[in-house]
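To start, the structure itself, in structure tokens.
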Amino acid sequence: AQSVTQLDSHVSVSEGTPVLLRCNYSSSYSPSLFWYVQHPNKGLQLLLKYTSAATLVKGINGFEAEFKKSETSFHLTKPSAHMSDAAEYFCVVRSGGGADGLTFGKGTHLIIQP
Amino acid sequence: NAGVTQTPKFQVLKTGQSMTLQCAQDMNHEYMSWYRQDPGMGLRLIHYSVGAGITDQGEVPNGYNVSRSTTEDFPLRLLSAAPSQTSVYFCASSYSTGSRGYEQYFGPGTRLTVT
């Protein structure tokens, strides 16, 4: 069984300040972990993924995430927020067994204040 | 490559009607899946397929039917639409189920309203 908890439903930051979106997971197997972004009325776009290689993963648009097995966390960060980062962000886990589909967190809505 | 395409983009149904949401991919992916997205719920897996002729249920399969006769196409059928099926539906595909970590590619979504 696998699950994902996104600890904040909404995060609000000022433009130019750091972004932190928190994600904890549980998985019966060594997981693969993803962050997807969804802009309003759009589909989902992959930001980055962890697949048991380097624990610090760099993605598109300046985002990165660190896999911490001891804390079962995969938090998403960005040093400096931009207005175009305003969107819904989903943390996702995929394990090697069972249905092999993705299990999504409920999402974090990122608001960027000017 | 067109990637993952879905039709229609929008649909309004009356309770009890049936319809098929179309999904196609041109990347020769073995794995395809259907999700529904509801406010505050993230995306939930409805059905998935690991290859032509093979399908299985996900987390919320009731009221939906799928088949996979070709690698490219994975239609989702609503047998008798209910207001609870009002949602945004996403189709996704990826290279393999056996290799973890292959990202899924998502279609643009179908917004369905059942009145």
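Ordering of the structure tokens sets the chain letters (A, B, ...), residue numbers begin anew at 1 in every chain, and ligands are numbered from 1 in the order given.
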
List as a list in words the protein and nucleic acid residues near Ser9 in chain A, meaning an atom at most 7 Å away when only C-alpha atoms are counted, but skip any in the same chain fewer than 3 places from it.
Gly107, Thr108 and His109 of chain A

Please find the residues of chain B near chain A - the criterion being any atom within 12 Å, counting only C-alpha atoms - and write them as a CSV table (one decimal) with C-alpha atoms, in the first residue's frame.
```
chain,number,residue,atom,x,y,z
B,4,VAL,CA,-1.8,12.0,-25.3
B,5,THR,CA,-5.0,13.3,-26.8
B,6,GLN,CA,-8.5,13.3,-25.3
B,9,LYS,CA,-12.8,18.6,-24.0
B,10,PHE,CA,-16.2,19.4,-22.5
B,31,TYR,CA,0.7,1.5,-19.8
B,32,MET,CA,-2.4,3.7,-19.9
B,33,SER,CA,-4.7,4.9,-17.2
B,34,TRP,CA,-7.7,7.0,-16.4
B,35,TYR,CA,-8.0,9.4,-13.5
B,36,ARG,CA,-10.7,11.6,-12.2
B,37,GLN,CA,-9.9,14.9,-10.5
B,38,ASP,CA,-12.3,16.4,-7.9
B,39,PRO,CA,-11.7,19.5,-5.8
B,40,GLY,CA,-9.6,18.7,-2.7
B,41,MET,CA,-9.2,15.1,-3.7
B,42,GLY,CA,-6.2,15.1,-6.0
B,43,LEU,CA,-6.4,12.6,-8.9
B,44,ARG,CA,-7.8,9.1,-8.3
B,45,LEU,CA,-7.2,6.1,-10.5
B,46,ILE,CA,-10.3,4.7,-12.2
B,47,HIS,CA,-8.9,1.9,-14.5
B,48,TYR,CA,-5.6,1.1,-16.0
B,49,SER,CA,-4.1,-1.1,-18.7
B,50,VAL,CA,-0.7,-2.7,-18.9
B,55,THR,CA,-7.2,-4.0,-18.1
B,56,ASP,CA,-7.7,-3.7,-14.3
B,57,GLN,CA,-9.5,-1.7,-11.8
B,58,GLY,CA,-8.1,1.2,-9.8
B,59,GLU,CA,-9.3,3.0,-6.7
B,88,VAL,CA,-12.5,16.3,-14.8
B,89,TYR,CA,-11.1,13.2,-16.4
B,90,PHE,CA,-7.5,12.7,-17.3
B,91,CYS,CA,-5.9,10.0,-19.4
B,92,ALA,CA,-2.2,9.2,-19.0
B,93,SER,CA,0.3,6.9,-20.5
B,94,SER,CA,3.9,5.7,-19.7
B,96,SER,CA,6.3,0.5,-18.7
B,97,THR,CA,4.8,-0.9,-15.5
B,98,GLY,CA,7.8,-3.0,-14.7
B,99,SER,CA,10.2,-0.2,-14.5
B,100,ARG,CA,9.4,2.2,-11.7
B,101,GLY,CA,10.0,5.8,-12.2
B,102,TYR,CA,8.9,6.2,-15.8
B,103,GLU,CA,6.9,9.4,-15.8
B,104,GLN,CA,3.3,9.4,-16.9
B,105,TYR,CA,2.3,11.8,-19.7
B,106,PHE,CA,-1.1,13.3,-19.2
B,107,GLY,CA,-3.8,14.4,-21.7
B,108,PRO,CA,-5.4,17.8,-21.5
B,109,GLY,CA,-8.5,16.5,-19.7
B,110,THR,CA,-12.2,16.2,-20.3
B,111,ARG,CA,-14.6,18.3,-18.2
```

Just want the 7 Å neighbourhood of Ala65 in chain A, counted on only C-alpha atoms, with same-chain residues fewer than 5 positions away dropped. Output as number ranges by chain.
A: 56-58, 74-77

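Nearest residue to Tyr36 in chain A among A:Leu7, A:Ala81, A:Ile60, A:Ala53 is A:Ile60, counting only C-alpha atoms.
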
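Within the 7 Å cut-off around Thr5 in chain A, using only C-alpha atoms and omitting residues fewer than 3 positions from it on the same chain, the listed residues are Cys23, Asn24, Tyr25 and Gly105 of chain A.
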
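Comparing A:Asn61, A:Ser70, A:Gln2, A:Ser80 by their smallest distance to Ser27 in chain A, the closest is A:Gln2 (using only C-alpha atoms).
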
Which residue of A:Val11, A:Leu47, A:Ala54, A:Val19 approaches Leu110 in chain A most closely, using only C-alpha atoms:
A:Val11

Taken to one decimal, the CA of Asn1 in chain B-CA of Gln38 in chain A distance is 21.4 Å

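Distances to Ser80 in chain B were evaluated for B:Val60, B:Leu13, B:Met27, B:Val66 using only C-alpha atoms, and the minimum falls at B:Leu13.
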
If we count only C-alpha atoms and set the cut-off at 10 Å, which residues sit around Ser14 in chain A, ignoring sequence neighbours fewer than 3 positions away in its own chain? Please answer as a ChimeraX atom specification.
/A:17-19,80-83,111-114

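Relative to CA of His10 in chain A, CA of Gly59 in chain A is found at 21.4 Å.
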
Can you list, as a ChimeraX atom specification, every protein, DNA or RNA residue that comes within 7 Å of Leu78 in chain B when you count only C-alpha atoms, leaving out same-chain residues fewer than 6 positions away?
/B:18-20,63-65

What would the file look like if the residues just selected were written as a CSV table (one decimal), in the first residue's frame with N, CA, C and O atoms?
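Resulting contents of selection_5.csv:
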```csv
chain,number,residue,atom,x,y,z
B,18,SER,N,-25.4,7.4,-21.4
B,18,SER,CA,-24.1,6.8,-21.5
B,18,SER,C,-23.2,7.5,-22.5
B,18,SER,O,-23.8,8.2,-23.4
B,19,MET,N,-21.9,7.4,-22.4
B,19,MET,CA,-21.0,8.0,-23.3
B,19,MET,C,-19.7,7.4,-23.2
B,19,MET,O,-19.4,6.7,-22.2
B,20,THR,N,-18.8,7.7,-24.2
B,20,THR,CA,-17.4,7.2,-24.1
B,20,THR,C,-16.5,8.4,-24.3
B,20,THR,O,-16.6,9.2,-25.1
B,63,GLY,N,-19.1,2.2,-12.0
B,63,GLY,CA,-19.8,3.1,-13.0
B,63,GLY,C,-19.0,3.3,-14.3
B,63,GLY,O,-19.5,4.0,-15.1
B,64,TYR,N,-17.8,2.8,-14.4
B,64,TYR,CA,-17.0,3.0,-15.5
B,64,TYR,C,-16.6,1.6,-16.1
B,64,TYR,O,-16.4,0.7,-15.4
B,65,ASN,N,-16.3,1.6,-17.4
B,65,ASN,CA,-15.9,0.4,-18.1
B,65,ASN,C,-14.8,0.8,-19.1
B,65,ASN,O,-14.8,1.9,-19.7
```
